[in-house]
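A short worksheet on the structure shown next.
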Number of protein chains: 2
Amino acid sequence: MAEKVTIATVARHARVSRQTVSNVLNSPHIVRQETRQRVEDAINALGYRANQAARQMRTGRSRLIAARIDPTRDGINGSVLDRFLHGLTETADAAGYRVLLYTATDDDREIATYGDLLGTYELDAFVLVGTKYGDPRTEWLADRDVPFVTFGRPWDALDAHPWVDVDGAAGTAQATRRLLDAGHRRIAFIGWPVGSGVGDDRRAGWRDALRAAGVDPTGLHRETEDGIAEGERLMHDLLDTVAPSAVVCASDSLALGALQAIRGVDPPVSVIGFDDTPVAAAVGLTSVSQPLGEAAARCVDLLTGVLDGDHETPTPVLLQPSLALRHTA
Amino acid sequence: MAEKVTIATVARHARVSRQTVSNVLNSPHIVRQETRQRVEDAINALGYRANQAARQMRTGRSRLIAARIDPTRDGINGSVLDRFLHGLTETADAAGYRVLLYTATDDDREIATYGDLLGTYELDAFVLVGTKYGDPRTEWLADRDVPFVTFGRPWDALDAHPWVDVDGAAGTAQATRRLLDAGHRRIAFIGWPVGSGVGDDRRAGWRDALRAAGVDPTGLHRETEDGIAEGERLMHDLLDTVAPSAVVCASDSLALGALQAIRGVDPPVSVIGFDDTPVAAAVGLTSVSQPLGEAAARCVDLLTGVLDGDHETPTPVLLQPSLALRHTA
DNA sequence: TCCAGAAACTTGAACGATCCAATCCTGCCT
DNA sequence: AGGCAGGATTGGATCGTTCAAGTTTCTGGA
């Protein structure tokens, strides 16, 4: 069994001191070219890798980023997180960071987990997916100067922290305009109850696009919790009352419900969902697509900016979604 | 700013030595009840948490488990990994371990990542999802005595390592029997090309169930790569040639394609998929459901067994799937 | 040739926990 | 009262790295 290769092993092999090896790794510019080469050769020859625990103990930095993985709720929108996490892992890796998972069933437990992760693992930063009004989590982290980024903008506009988000209103507006261009006028909207930032934003995009086209949106929208059954119920309600020729939904779950409700209706009602989930692709549902990989990459960018460099709060990033066209609209 | 709470702080507060505090944490039974209580009170009062880096440096154990997160491929089956990872994180957490994510585009890179993770982070173990014939990854890990578990049995039966799997054959057999019980006789199967362990296993379950019922499976199966379009194509082929009254599929993707192919066919053809993905739930597809949370939990069980205790190779675990009944069968 | 000053490199100490070996109690028995 | 056994407690060393401070080597100008 080969003995452990430490910085001392490399130093001996390259006939320099430990510190010089450390300098080659962390501040190469202060080491003479010739010496640096000798050390690098030794590192390669021995297959040396810096021990993260020892480094962390001295520097207090773990090069670990925490991200939460949720229980798959209704499942349809779950894959959004899945794709985001993959992007996050990939980009973080390239930046020399690793992603650590955690779960929590509610905000209190999540905050308790923060304390635990910070205390025992000395995590460098957190990535929060999803934000809401008066989010206690961001407040807690900000109070303790823990670096974090949210995927989802802060709806309070109280404290400014780094965030990345996708412009949901632009997405629904784009969807609505496409329906308008196709000749639709009675374009309904099925969304979430007023009060959720994301939901209100998506509804606003639809409403403003209609108004801009001179169409009165009054009475054309319905609100409910997310879910297929809920979407189906509200679509039936819409068909019975205002008889829209098209509908934009705040999620693919709702859109899927709407699709079931309009089965057999003639002329066919156009439906557009939101999130471009695998389900949408599977059933041919036109849907607003979020650039999740890009969003994850920008999250890492913001974090590394805070962690490795400038102390000023970086500029938030608002990404534009696109429309994945399929045969329902 | 409160200063850092170390084991020395706790010791001072409880009027004992550092070692006693360490004993309370690691070998509570050798400390007198009264003293233990005093130390525990101090720990709570100060909010002390053992620094993982320092512990790791001395013990060489990181209490970190690595799991791979794949790019979502066709997306439909992606949520399987999602749900597994969530279960893994939850159970690992309860056992005092954390899950670290990594990605890799091919086996060679994945193995290179193993070396990196082991060298710099001293990972305790790996969880591999999916196995294939002659998997180079398990070989590499086994050669180096790195603890690992696979979710998916070793198809070679060469080297025995701990694994957890779901009995795919039992799942398709159960699906097939349900169709037989409903009166079907011409029950087809759409699966993956011969040579993948998982695919062959699922086909075998269907075949054996048919034979057990005295039905000749010859000519009733088709093979293709996974995908909705592929499933649709092969279902059309089946309808044109053997005209089955029901079909069992190796995945929900294939089943979804089959569903599209039979639209309008009368009498309706029954379809059963595999994996019970969100898509299946959404479109009402009956599907074989894997106990993913349970599988993840058993993976953690096996790992902790290897890590914290006995040196003997633990017994593999084969879990039974169930049938999620919906309206397509 | 000599010296100042910079550059390059080396040495000792520290991070916070655990392990080891030595010491200190405490209760019990004679 | 003294001695002893056994468990409880203590100090010191250690893991591998980086920081801070010290020492040597190099460079160039008078």
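Simple scheme: letters A, B, ... for chains in structure tokens order, numbers from 1 for residues in each chain, numbers from 1 for ligands in the order shown.
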Write down, as a PyMOL selection string, each residue of chain B that has any atom within 9 Å of an atom of chain C, counting only C-alpha atoms (C1' of nucleotides). chain B and resi 6-8+19+22+50-59
DSSP strand (DSSP E or B) residues within stretch 52-112 of chain B, as a PyMOL selection string: chain B and resi 64-68+98-102
Per-residue nearest contacts chain A to chain B, cut-off 8 Å, using only C-alpha atoms, as a Markdown table:
```
| residue | atom | partner | partner_atom | distance |
| --- | --- | --- | --- | --- |
| A:Arg49 | CA | B:Gly119 | CA | 5.7 |
| A:Ala50 | CA | B:Thr120 | CA | 5.7 |
| A:Asn51 | CA | B:Thr120 | CA | 4.8 |
| A:Gln52 | CA | B:Thr120 | CA | 5.1 |
| A:Ala53 | CA | B:Ala53 | CA | 4.7 |
| A:Ala54 | CA | B:Met57 | CA | 6.3 |
| A:Gln56 | CA | B:Ala53 | CA | 6.5 |
| A:Met57 | CA | B:Ala53 | CA | 5.8 |
| A:Ile69 | CA | B:His86 | CA | 6.1 |
| A:Asp70 | CA | B:His86 | CA | 6.6 |
| A:Pro71 | CA | B:His86 | CA | 6.1 |
| A:Thr72 | CA | B:Arg83 | CA | 6.4 |
| A:Asp74 | CA | B:Pro278 | CA | 7.4 |
| A:Gly75 | CA | B:Pro278 | CA | 5.0 |
| A:Ile76 | CA | B:Pro278 | CA | 5.4 |
| A:Gly78 | CA | B:Ser79 | CA | 7.2 |
| A:Ser79 | CA | B:Ser79 | CA | 5.9 |
| A:Asp82 | CA | B:Asp82 | CA | 6.0 |
| A:Arg83 | CA | B:Thr72 | CA | 6.3 |
| A:Leu85 | CA | B:Ile69 | CA | 8.0 |
| A:His86 | CA | B:Pro71 | CA | 6.0 |
| A:Thr89 | CA | B:Tyr102 | CA | 6.2 |
| A:Glu90 | CA | B:Thr103 | CA | 6.4 |
| A:Asp93 | CA | B:Tyr102 | CA | 7.8 |
| A:Arg98 | CA | B:Leu101 | CA | 7.0 |
| A:Val99 | CA | B:Leu101 | CA | 5.5 |
| A:Leu100 | CA | B:Leu100 | CA | 4.5 |
| A:Leu101 | CA | B:Val99 | CA | 5.5 |
| A:Tyr102 | CA | B:Thr89 | CA | 6.2 |
| A:Thr103 | CA | B:Glu90 | CA | 6.4 |
| A:Asp116 | CA | B:Arg49 | CA | 7.5 |
| A:Gly119 | CA | B:Arg49 | CA | 5.7 |
| A:Thr120 | CA | B:Asn51 | CA | 4.7 |
| A:Tyr121 | CA | B:Gln52 | CA | 5.5 |
| A:Glu122 | CA | B:Asn51 | CA | 7.9 |
| A:Ile228 | CA | B:Ala282 | CA | 7.2 |
| A:Leu256 | CA | B:Ala282 | CA | 7.4 |
| A:Thr277 | CA | B:Gly75 | CA | 7.8 |
| A:Pro278 | CA | B:Gly75 | CA | 5.1 |
| A:Val279 | CA | B:Val279 | CA | 5.3 |
| A:Ala282 | CA | B:Ile228 | CA | 7.2 |
```
Transformed chain A, reference chain B, full Cα set in order, as a tab-separated table (two decimals) with C-alpha atoms, in the first residue's frame:
```tsv
chain	number	residue	atom	x	y	z
A	1	MET	CA	-19.00	38.90	16.73
A	2	ALA	CA	-18.98	35.85	19.00
A	3	GLU	CA	-15.70	33.96	18.77
A	4	LYS	CA	-15.61	30.44	17.45
A	5	VAL	CA	-16.74	27.74	19.83
A	6	THR	CA	-14.27	24.87	19.79
A	7	ILE	CA	-13.88	21.79	21.87
A	8	ALA	CA	-11.48	23.79	24.06
A	9	THR	CA	-14.16	26.39	24.76
A	10	VAL	CA	-16.51	23.68	25.89
A	11	ALA	CA	-13.81	22.04	27.99
A	12	ARG	CA	-13.03	25.29	29.78
A	13	HIS	CA	-16.70	25.98	30.38
A	14	ALA	CA	-17.31	22.50	31.80
A	15	ARG	CA	-14.02	22.48	33.71
A	16	VAL	CA	-12.73	19.34	32.07
A	17	SER	CA	-10.09	18.59	29.44
A	18	ARG	CA	-10.59	18.60	25.69
A	19	GLN	CA	-10.30	14.86	25.57
A	20	THR	CA	-13.13	14.39	28.03
A	21	VAL	CA	-15.38	16.49	25.82
A	22	SER	CA	-14.31	14.40	22.88
A	23	ASN	CA	-15.13	11.28	24.85
A	24	VAL	CA	-18.59	12.56	25.71
A	25	LEU	CA	-19.16	12.95	21.98
A	26	ASN	CA	-17.60	9.74	20.75
A	27	SER	CA	-17.53	7.26	23.62
A	28	PRO	CA	-20.03	8.51	26.21
A	29	HIS	CA	-19.93	5.26	28.18
A	30	ILE	CA	-16.42	5.83	29.48
A	31	VAL	CA	-17.34	9.16	31.06
A	32	ARG	CA	-18.93	9.38	34.49
A	33	GLN	CA	-22.61	10.31	34.37
A	34	GLU	CA	-22.14	13.49	36.36
A	35	THR	CA	-19.28	14.75	34.21
A	36	ARG	CA	-21.08	13.84	31.03
A	37	GLN	CA	-24.06	15.90	32.08
A	38	ARG	CA	-21.88	18.89	32.82
A	39	VAL	CA	-20.23	18.65	29.42
A	40	GLU	CA	-23.52	18.23	27.61
A	41	ASP	CA	-24.89	21.28	29.37
A	42	ALA	CA	-21.88	23.27	28.27
A	43	ILE	CA	-22.31	22.07	24.70
A	44	ASN	CA	-25.90	23.19	24.65
A	45	ALA	CA	-25.20	26.46	26.40
A	46	LEU	CA	-22.45	27.38	23.96
A	47	GLY	CA	-24.11	25.92	20.89
A	48	TYR	CA	-21.01	23.92	20.14
A	49	ARG	CA	-20.78	21.86	16.94
A	50	ALA	CA	-17.87	19.59	16.16
A	51	ASN	CA	-15.84	20.91	13.26
A	52	GLN	CA	-16.06	18.34	10.53
A	53	ALA	CA	-12.84	19.36	8.81
A	54	ALA	CA	-10.76	18.93	11.93
A	55	ARG	CA	-12.40	15.63	12.72
A	56	GLN	CA	-11.88	14.45	9.19
A	57	MET	CA	-8.24	15.39	9.27
A	58	ARG	CA	-7.64	13.16	12.24
A	59	THR	CA	-9.93	10.27	11.40
A	60	GLY	CA	-9.78	10.31	7.63
A	61	ARG	CA	-13.56	10.05	7.47
A	62	SER	CA	-15.66	12.78	5.93
A	63	ARG	CA	-19.18	11.47	6.54
A	64	LEU	CA	-19.84	12.40	2.94
A	65	ILE	CA	-21.46	10.14	0.35
A	66	ALA	CA	-21.23	10.88	-3.35
A	67	ALA	CA	-24.07	10.40	-5.78
A	68	ARG	CA	-24.15	11.17	-9.45
A	69	ILE	CA	-26.76	13.43	-10.97
A	70	ASP	CA	-27.31	12.83	-14.65
A	71	PRO	CA	-28.30	15.28	-17.29
A	72	THR	CA	-31.99	14.70	-17.80
A	73	ARG	CA	-31.98	12.66	-20.94
A	74	ASP	CA	-35.33	12.18	-22.59
A	75	GLY	CA	-36.63	13.67	-19.40
A	76	ILE	CA	-39.43	11.30	-18.74
A	77	ASN	CA	-37.39	8.79	-16.83
A	78	GLY	CA	-35.32	11.54	-15.25
A	79	SER	CA	-37.64	11.95	-12.33
A	80	VAL	CA	-36.72	8.46	-11.17
A	81	LEU	CA	-33.28	9.70	-10.23
A	82	ASP	CA	-34.80	12.80	-8.71
A	83	ARG	CA	-36.96	10.80	-6.36
A	84	PHE	CA	-34.14	8.43	-5.51
A	85	LEU	CA	-31.81	11.30	-4.66
A	86	HIS	CA	-34.34	12.86	-2.37
A	87	GLY	CA	-34.77	9.60	-0.51
A	88	LEU	CA	-31.04	9.19	-0.33
A	89	THR	CA	-30.50	12.65	1.13
A	90	GLU	CA	-33.19	12.12	3.70
A	91	THR	CA	-32.00	8.74	4.91
A	92	ALA	CA	-28.33	9.67	4.82
A	93	ASP	CA	-29.10	12.72	6.89
A	94	ALA	CA	-30.74	10.58	9.55
A	95	ALA	CA	-27.64	8.37	9.63
A	96	GLY	CA	-25.34	11.36	10.02
A	97	TYR	CA	-24.11	11.46	6.45
A	98	ARG	CA	-24.43	14.08	3.74
A	99	VAL	CA	-24.84	13.63	0.01
A	100	LEU	CA	-22.41	15.28	-2.39
A	101	LEU	CA	-23.32	15.55	-6.06
A	102	TYR	CA	-21.11	14.98	-9.04
A	103	THR	CA	-21.62	14.64	-12.75
A	104	ALA	CA	-19.76	12.89	-15.49
A	105	THR	CA	-20.32	12.48	-19.17
A	106	ASP	CA	-18.79	9.03	-19.55
A	107	ASP	CA	-17.26	6.20	-17.55
A	108	ASP	CA	-13.68	7.40	-17.89
A	109	ARG	CA	-14.49	10.84	-16.65
A	110	GLU	CA	-16.58	9.38	-13.88
A	111	ILE	CA	-13.67	7.29	-12.70
A	112	ALA	CA	-11.41	10.34	-12.88
A	113	THR	CA	-13.95	12.12	-10.71
A	114	TYR	CA	-13.80	9.30	-8.18
A	115	GLY	CA	-10.08	9.86	-7.82
A	116	ASP	CA	-10.61	13.55	-7.45
A	117	LEU	CA	-13.35	13.23	-4.86
A	118	LEU	CA	-11.46	10.63	-2.88
A	119	GLY	CA	-8.21	12.55	-3.00
A	120	THR	CA	-9.45	15.98	-2.09
A	121	TYR	CA	-12.59	15.34	-0.07
A	122	GLU	CA	-11.86	11.86	1.25
A	123	LEU	CA	-15.37	10.69	0.51
A	124	ASP	CA	-16.57	7.79	2.57
A	125	ALA	CA	-18.61	6.05	-0.08
A	126	PHE	CA	-20.27	6.17	-3.46
A	127	VAL	CA	-23.78	5.37	-4.56
A	128	LEU	CA	-23.96	4.30	-8.19
A	129	VAL	CA	-27.29	4.40	-9.94
A	130	GLY	CA	-27.61	1.97	-12.78
A	131	THR	CA	-25.23	-0.82	-13.61
A	132	LYS	CA	-24.39	-2.66	-16.78
A	133	TYR	CA	-22.44	-5.67	-17.93
A	134	GLY	CA	-18.75	-5.34	-17.21
A	135	ASP	CA	-19.13	-2.02	-15.46
A	136	PRO	CA	-15.64	-0.48	-15.21
A	137	ARG	CA	-16.73	1.77	-12.38
A	138	THR	CA	-17.51	-0.95	-9.88
A	139	GLU	CA	-14.30	-2.69	-10.79
A	140	TRP	CA	-12.26	0.45	-10.17
A	141	LEU	CA	-13.89	1.10	-6.82
A	142	ALA	CA	-13.63	-2.50	-5.71
A	143	ASP	CA	-9.94	-2.64	-6.63
A	144	ARG	CA	-9.27	0.28	-4.33
A	145	ASP	CA	-11.47	-0.95	-1.49
A	146	VAL	CA	-13.65	2.13	-1.73
A	147	PRO	CA	-17.02	1.42	-0.11
A	148	PHE	CA	-19.91	1.70	-2.53
A	149	VAL	CA	-23.42	0.49	-3.17
A	150	THR	CA	-25.15	0.22	-6.47
A	151	PHE	CA	-28.81	0.79	-7.11
A	152	GLY	CA	-29.03	-1.91	-9.70
A	153	ARG	CA	-27.62	-5.41	-9.35
A	154	PRO	CA	-24.28	-6.48	-10.83
A	155	TRP	CA	-25.21	-8.29	-14.02
A	156	ASP	CA	-21.88	-10.04	-14.33
A	157	ALA	CA	-22.07	-11.81	-11.01
A	158	LEU	CA	-18.29	-11.56	-11.12
A	159	ASP	CA	-17.47	-9.66	-8.00
A	160	ALA	CA	-19.97	-9.40	-5.23
A	161	HIS	CA	-20.55	-5.93	-3.90
A	162	PRO	CA	-23.45	-4.55	-1.89
A	163	TRP	CA	-26.41	-3.68	-4.05
A	164	VAL	CA	-30.06	-2.78	-3.90
A	165	ASP	CA	-32.36	-3.39	-6.80
A	166	VAL	CA	-35.97	-3.63	-7.77
A	167	ASP	CA	-37.14	-6.88	-9.25
A	168	GLY	CA	-37.95	-5.72	-12.76
A	169	ALA	CA	-38.93	-9.18	-13.98
A	170	ALA	CA	-41.43	-9.46	-11.14
A	171	GLY	CA	-42.82	-6.09	-12.20
A	172	THR	CA	-43.39	-6.98	-15.84
A	173	ALA	CA	-44.65	-10.41	-14.81
A	174	GLN	CA	-47.18	-8.78	-12.54
A	175	ALA	CA	-48.23	-6.44	-15.33
A	176	THR	CA	-48.53	-9.36	-17.75
A	177	ARG	CA	-50.57	-11.42	-15.31
A	178	ARG	CA	-52.96	-8.54	-14.81
A	179	LEU	CA	-53.52	-8.40	-18.57
A	180	LEU	CA	-53.95	-12.19	-18.69
A	181	ASP	CA	-56.49	-12.00	-15.89
A	182	ALA	CA	-58.37	-9.36	-17.89
A	183	GLY	CA	-58.72	-11.90	-20.66
A	184	HIS	CA	-55.89	-10.81	-22.94
A	185	ARG	CA	-53.91	-13.48	-24.77
A	186	ARG	CA	-51.96	-11.62	-27.46
A	187	ILE	CA	-49.85	-9.55	-25.06
A	188	ALA	CA	-46.86	-7.92	-26.75
A	189	PHE	CA	-43.71	-6.43	-25.24
A	190	ILE	CA	-41.72	-3.39	-26.32
A	191	GLY	CA	-38.31	-3.27	-24.76
A	192	TRP	CA	-34.67	-2.39	-25.15
A	193	PRO	CA	-32.07	-4.14	-27.31
A	194	VAL	CA	-30.79	-7.44	-25.96
A	195	GLY	CA	-27.69	-6.98	-23.88
A	196	SER	CA	-28.74	-4.50	-21.24
A	197	GLY	CA	-29.24	-6.24	-17.93
A	198	VAL	CA	-32.24	-4.22	-16.92
A	199	GLY	CA	-33.91	-4.57	-20.31
A	200	ASP	CA	-33.38	-8.32	-20.54
A	201	ASP	CA	-34.70	-8.76	-17.02
A	202	ARG	CA	-37.90	-6.88	-17.75
A	203	ARG	CA	-38.48	-8.82	-20.94
A	204	ALA	CA	-37.90	-12.10	-19.13
A	205	GLY	CA	-40.65	-11.30	-16.65
A	206	TRP	CA	-43.15	-10.77	-19.44
A	207	ARG	CA	-42.01	-13.89	-21.33
A	208	ASP	CA	-42.10	-16.19	-18.31
A	209	ALA	CA	-45.51	-14.93	-17.21
A	210	LEU	CA	-46.90	-15.67	-20.68
A	211	ARG	CA	-45.34	-19.13	-20.78
A	212	ALA	CA	-46.64	-19.92	-17.32
A	213	ALA	CA	-50.10	-19.14	-18.66
A	214	GLY	CA	-49.53	-21.38	-21.64
A	215	VAL	CA	-49.17	-18.55	-24.14
A	216	ASP	CA	-46.35	-18.67	-26.69
A	217	PRO	CA	-44.49	-15.31	-26.63
A	218	THR	CA	-42.73	-15.94	-29.95
A	219	GLY	CA	-42.87	-12.97	-32.29
A	220	LEU	CA	-44.69	-10.78	-29.80
A	221	HIS	CA	-41.76	-8.63	-28.75
A	222	ARG	CA	-39.86	-5.74	-30.30
A	223	GLU	CA	-36.64	-4.03	-29.33
A	224	THR	CA	-35.44	-0.44	-29.65
A	225	GLU	CA	-33.58	2.35	-27.92
A	226	ASP	CA	-35.64	4.23	-25.39
A	227	GLY	CA	-37.85	7.07	-26.55
A	228	ILE	CA	-41.38	8.11	-27.35
A	229	ALA	CA	-40.96	8.12	-31.11
A	230	GLU	CA	-39.35	4.68	-30.98
A	231	GLY	CA	-42.23	3.31	-28.93
A	232	GLU	CA	-44.75	4.70	-31.35
A	233	ARG	CA	-42.93	3.22	-34.33
A	234	LEU	CA	-42.71	-0.25	-32.84
A	235	MET	CA	-46.31	-0.20	-31.72
A	236	HIS	CA	-47.39	0.56	-35.27
A	237	ASP	CA	-45.24	-2.34	-36.38
A	238	LEU	CA	-46.88	-4.64	-33.85
A	239	LEU	CA	-50.37	-3.52	-34.88
A	240	ASP	CA	-49.54	-4.19	-38.52
A	241	THR	CA	-48.06	-7.63	-37.92
A	242	VAL	CA	-49.29	-9.49	-34.86
A	243	ALA	CA	-52.16	-7.18	-33.80
A	244	PRO	CA	-51.81	-7.58	-30.03
A	245	SER	CA	-54.67	-6.69	-27.69
A	246	ALA	CA	-52.31	-5.43	-25.02
A	247	VAL	CA	-48.68	-4.39	-24.62
A	248	VAL	CA	-46.22	-4.21	-21.76
A	249	CYS	CA	-43.37	-1.70	-22.16
A	250	ALA	CA	-39.94	-1.50	-20.59
A	251	SER	CA	-40.34	2.20	-19.84
A	252	ASP	CA	-42.96	4.92	-19.66
A	253	SER	CA	-41.33	6.62	-22.65
A	254	LEU	CA	-41.96	3.59	-24.82
A	255	ALA	CA	-45.43	3.17	-23.34
A	256	LEU	CA	-46.25	6.77	-24.12
A	257	GLY	CA	-45.23	6.22	-27.72
A	258	ALA	CA	-47.37	3.10	-27.81
A	259	LEU	CA	-50.32	5.09	-26.46
A	260	GLN	CA	-49.99	7.54	-29.31
A	261	ALA	CA	-49.86	4.71	-31.85
A	262	ILE	CA	-53.07	3.09	-30.61
A	263	ARG	CA	-55.08	6.29	-30.56
A	264	GLY	CA	-58.30	5.54	-32.37
A	265	VAL	CA	-57.72	1.78	-32.56
A	266	ASP	CA	-60.82	-0.17	-31.70
A	267	PRO	CA	-61.18	-2.21	-29.57
A	268	PRO	CA	-58.70	-0.25	-27.42
A	269	VAL	CA	-55.32	-1.84	-26.80
A	270	SER	CA	-54.24	-2.00	-23.16
A	271	VAL	CA	-50.85	-0.49	-22.32
A	272	ILE	CA	-48.69	-0.82	-19.23
A	273	GLY	CA	-45.50	1.16	-18.73
A	274	PHE	CA	-42.61	0.97	-16.33
A	275	ASP	CA	-41.36	3.38	-13.65
A	276	ASP	CA	-44.56	5.14	-12.69
A	277	THR	CA	-43.18	8.49	-13.75
A	278	PRO	CA	-45.11	11.74	-13.41
A	279	VAL	CA	-45.93	11.44	-17.09
A	280	ALA	CA	-47.68	8.14	-16.46
A	281	ALA	CA	-49.69	9.66	-13.65
A	282	ALA	CA	-50.51	12.63	-15.85
A	283	VAL	CA	-51.83	10.72	-18.83
A	284	GLY	CA	-53.43	7.93	-16.80
A	285	LEU	CA	-50.97	5.28	-17.86
A	286	THR	CA	-50.90	2.11	-15.77
A	287	SER	CA	-47.28	1.54	-14.83
A	288	VAL	CA	-44.98	-0.60	-12.73
A	289	SER	CA	-43.96	1.43	-9.72
A	290	GLN	CA	-40.55	1.15	-8.06
A	291	PRO	CA	-40.25	1.82	-4.33
A	292	LEU	CA	-37.54	4.46	-4.78
A	293	GLY	CA	-37.58	5.90	-1.30
A	294	GLU	CA	-37.26	2.44	0.15
A	295	ALA	CA	-34.46	1.61	-2.26
A	296	ALA	CA	-32.55	4.73	-1.25
A	297	ALA	CA	-33.02	3.92	2.41
A	298	ARG	CA	-31.68	0.41	1.95
A	299	CYS	CA	-28.66	1.79	0.09
A	300	VAL	CA	-27.84	3.94	3.08
A	301	ASP	CA	-28.40	0.98	5.39
A	302	LEU	CA	-25.91	-1.11	3.46
A	303	LEU	CA	-23.36	1.67	3.40
A	304	THR	CA	-23.55	2.48	7.07
A	305	GLY	CA	-23.23	-1.23	7.72
A	306	VAL	CA	-19.95	-1.29	5.81
A	307	LEU	CA	-18.71	2.04	7.13
A	308	ASP	CA	-19.59	1.86	10.78
A	309	GLY	CA	-19.31	-1.75	11.52
A	310	ASP	CA	-18.99	-5.26	10.30
A	311	HIS	CA	-16.46	-6.02	7.62
A	312	GLU	CA	-18.44	-8.76	5.98
A	313	THR	CA	-20.20	-7.94	2.74
A	314	PRO	CA	-23.81	-7.20	3.54
A	315	THR	CA	-26.69	-9.06	1.95
A	316	PRO	CA	-28.01	-7.58	-1.27
A	317	VAL	CA	-31.56	-6.29	-1.26
A	318	LEU	CA	-34.12	-7.06	-3.95
A	319	LEU	CA	-37.29	-5.03	-3.61
A	320	GLN	CA	-40.64	-5.83	-5.15
A	321	PRO	CA	-42.33	-3.27	-7.39
A	322	SER	CA	-46.06	-2.71	-7.43
A	323	LEU	CA	-48.53	-1.90	-10.15
A	324	ALA	CA	-49.94	1.62	-10.25
A	325	LEU	CA	-53.33	1.01	-11.83
A	326	ARG	CA	-54.78	3.69	-14.05
A	327	HIS	CA	-57.11	3.66	-16.97
A	328	THR	CA	-54.87	2.27	-19.74
A	329	ALA	CA	-55.04	-1.27	-18.33
```
Please report as a PDB file with N, CA, C and O atoms (P, O5', C5', C4', C3', O3' and C1' of nucleotides), in the first residue's frame which residues of chain D come no farther than 7 Å from chain A, using only C-alpha atoms (C1' of nucleotides).
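Output contents, as saved in iface.pdb:
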```pdb
ATOM      1  P    DG D  16      -1.141  13.298   6.952  1.00  0.00           P
ATOM      2  O5'  DG D  16      -1.418  14.740   6.330  1.00  0.00           O
ATOM      3  C5'  DG D  16      -2.637  14.964   5.661  1.00  0.00           C
ATOM      4  C4'  DG D  16      -2.744  16.439   5.305  1.00  0.00           C
ATOM      5  C3'  DG D  16      -1.607  16.963   4.422  1.00  0.00           C
ATOM      6  O3'  DG D  16      -2.183  17.705   3.379  1.00  0.00           O
ATOM      7  C1'  DG D  16      -1.836  18.312   6.341  1.00  0.00           C
ATOM      8  P    DT D  17      -1.361  18.397   2.232  1.00  0.00           P
ATOM      9  O5'  DT D  17      -1.608  19.921   2.548  1.00  0.00           O
ATOM     10  C5'  DT D  17      -2.932  20.438   2.486  1.00  0.00           C
ATOM     11  C4'  DT D  17      -3.040  21.710   3.294  1.00  0.00           C
ATOM     12  C3'  DT D  17      -2.240  22.898   2.752  1.00  0.00           C
ATOM     13  O3'  DT D  17      -3.108  23.709   1.989  1.00  0.00           O
ATOM     14  C1'  DT D  17      -2.181  22.733   5.164  1.00  0.00           C
ATOM     15  P    DT D  18      -2.488  24.971   1.172  1.00  0.00           P
ATOM     16  O5'  DT D  18      -2.446  26.116   2.285  1.00  0.00           O
ATOM     17  C5'  DT D  18      -3.664  26.595   2.833  1.00  0.00           C
ATOM     18  C4'  DT D  18      -3.369  27.597   3.940  1.00  0.00           C
ATOM     19  C3'  DT D  18      -2.652  28.877   3.477  1.00  0.00           C
ATOM     20  O3'  DT D  18      -3.304  29.982   4.066  1.00  0.00           O
ATOM     21  C1'  DT D  18      -1.464  27.881   5.254  1.00  0.00           C
TER      22       DT D  18
END
```
Select from stretch 220-321 of chain A everything DSSP, run on the backbone, classes as helix (DSSP H, G or I), then give the selection as a PyMOL selection string. chain A and resi 228-241+252-261+278-283+292-308
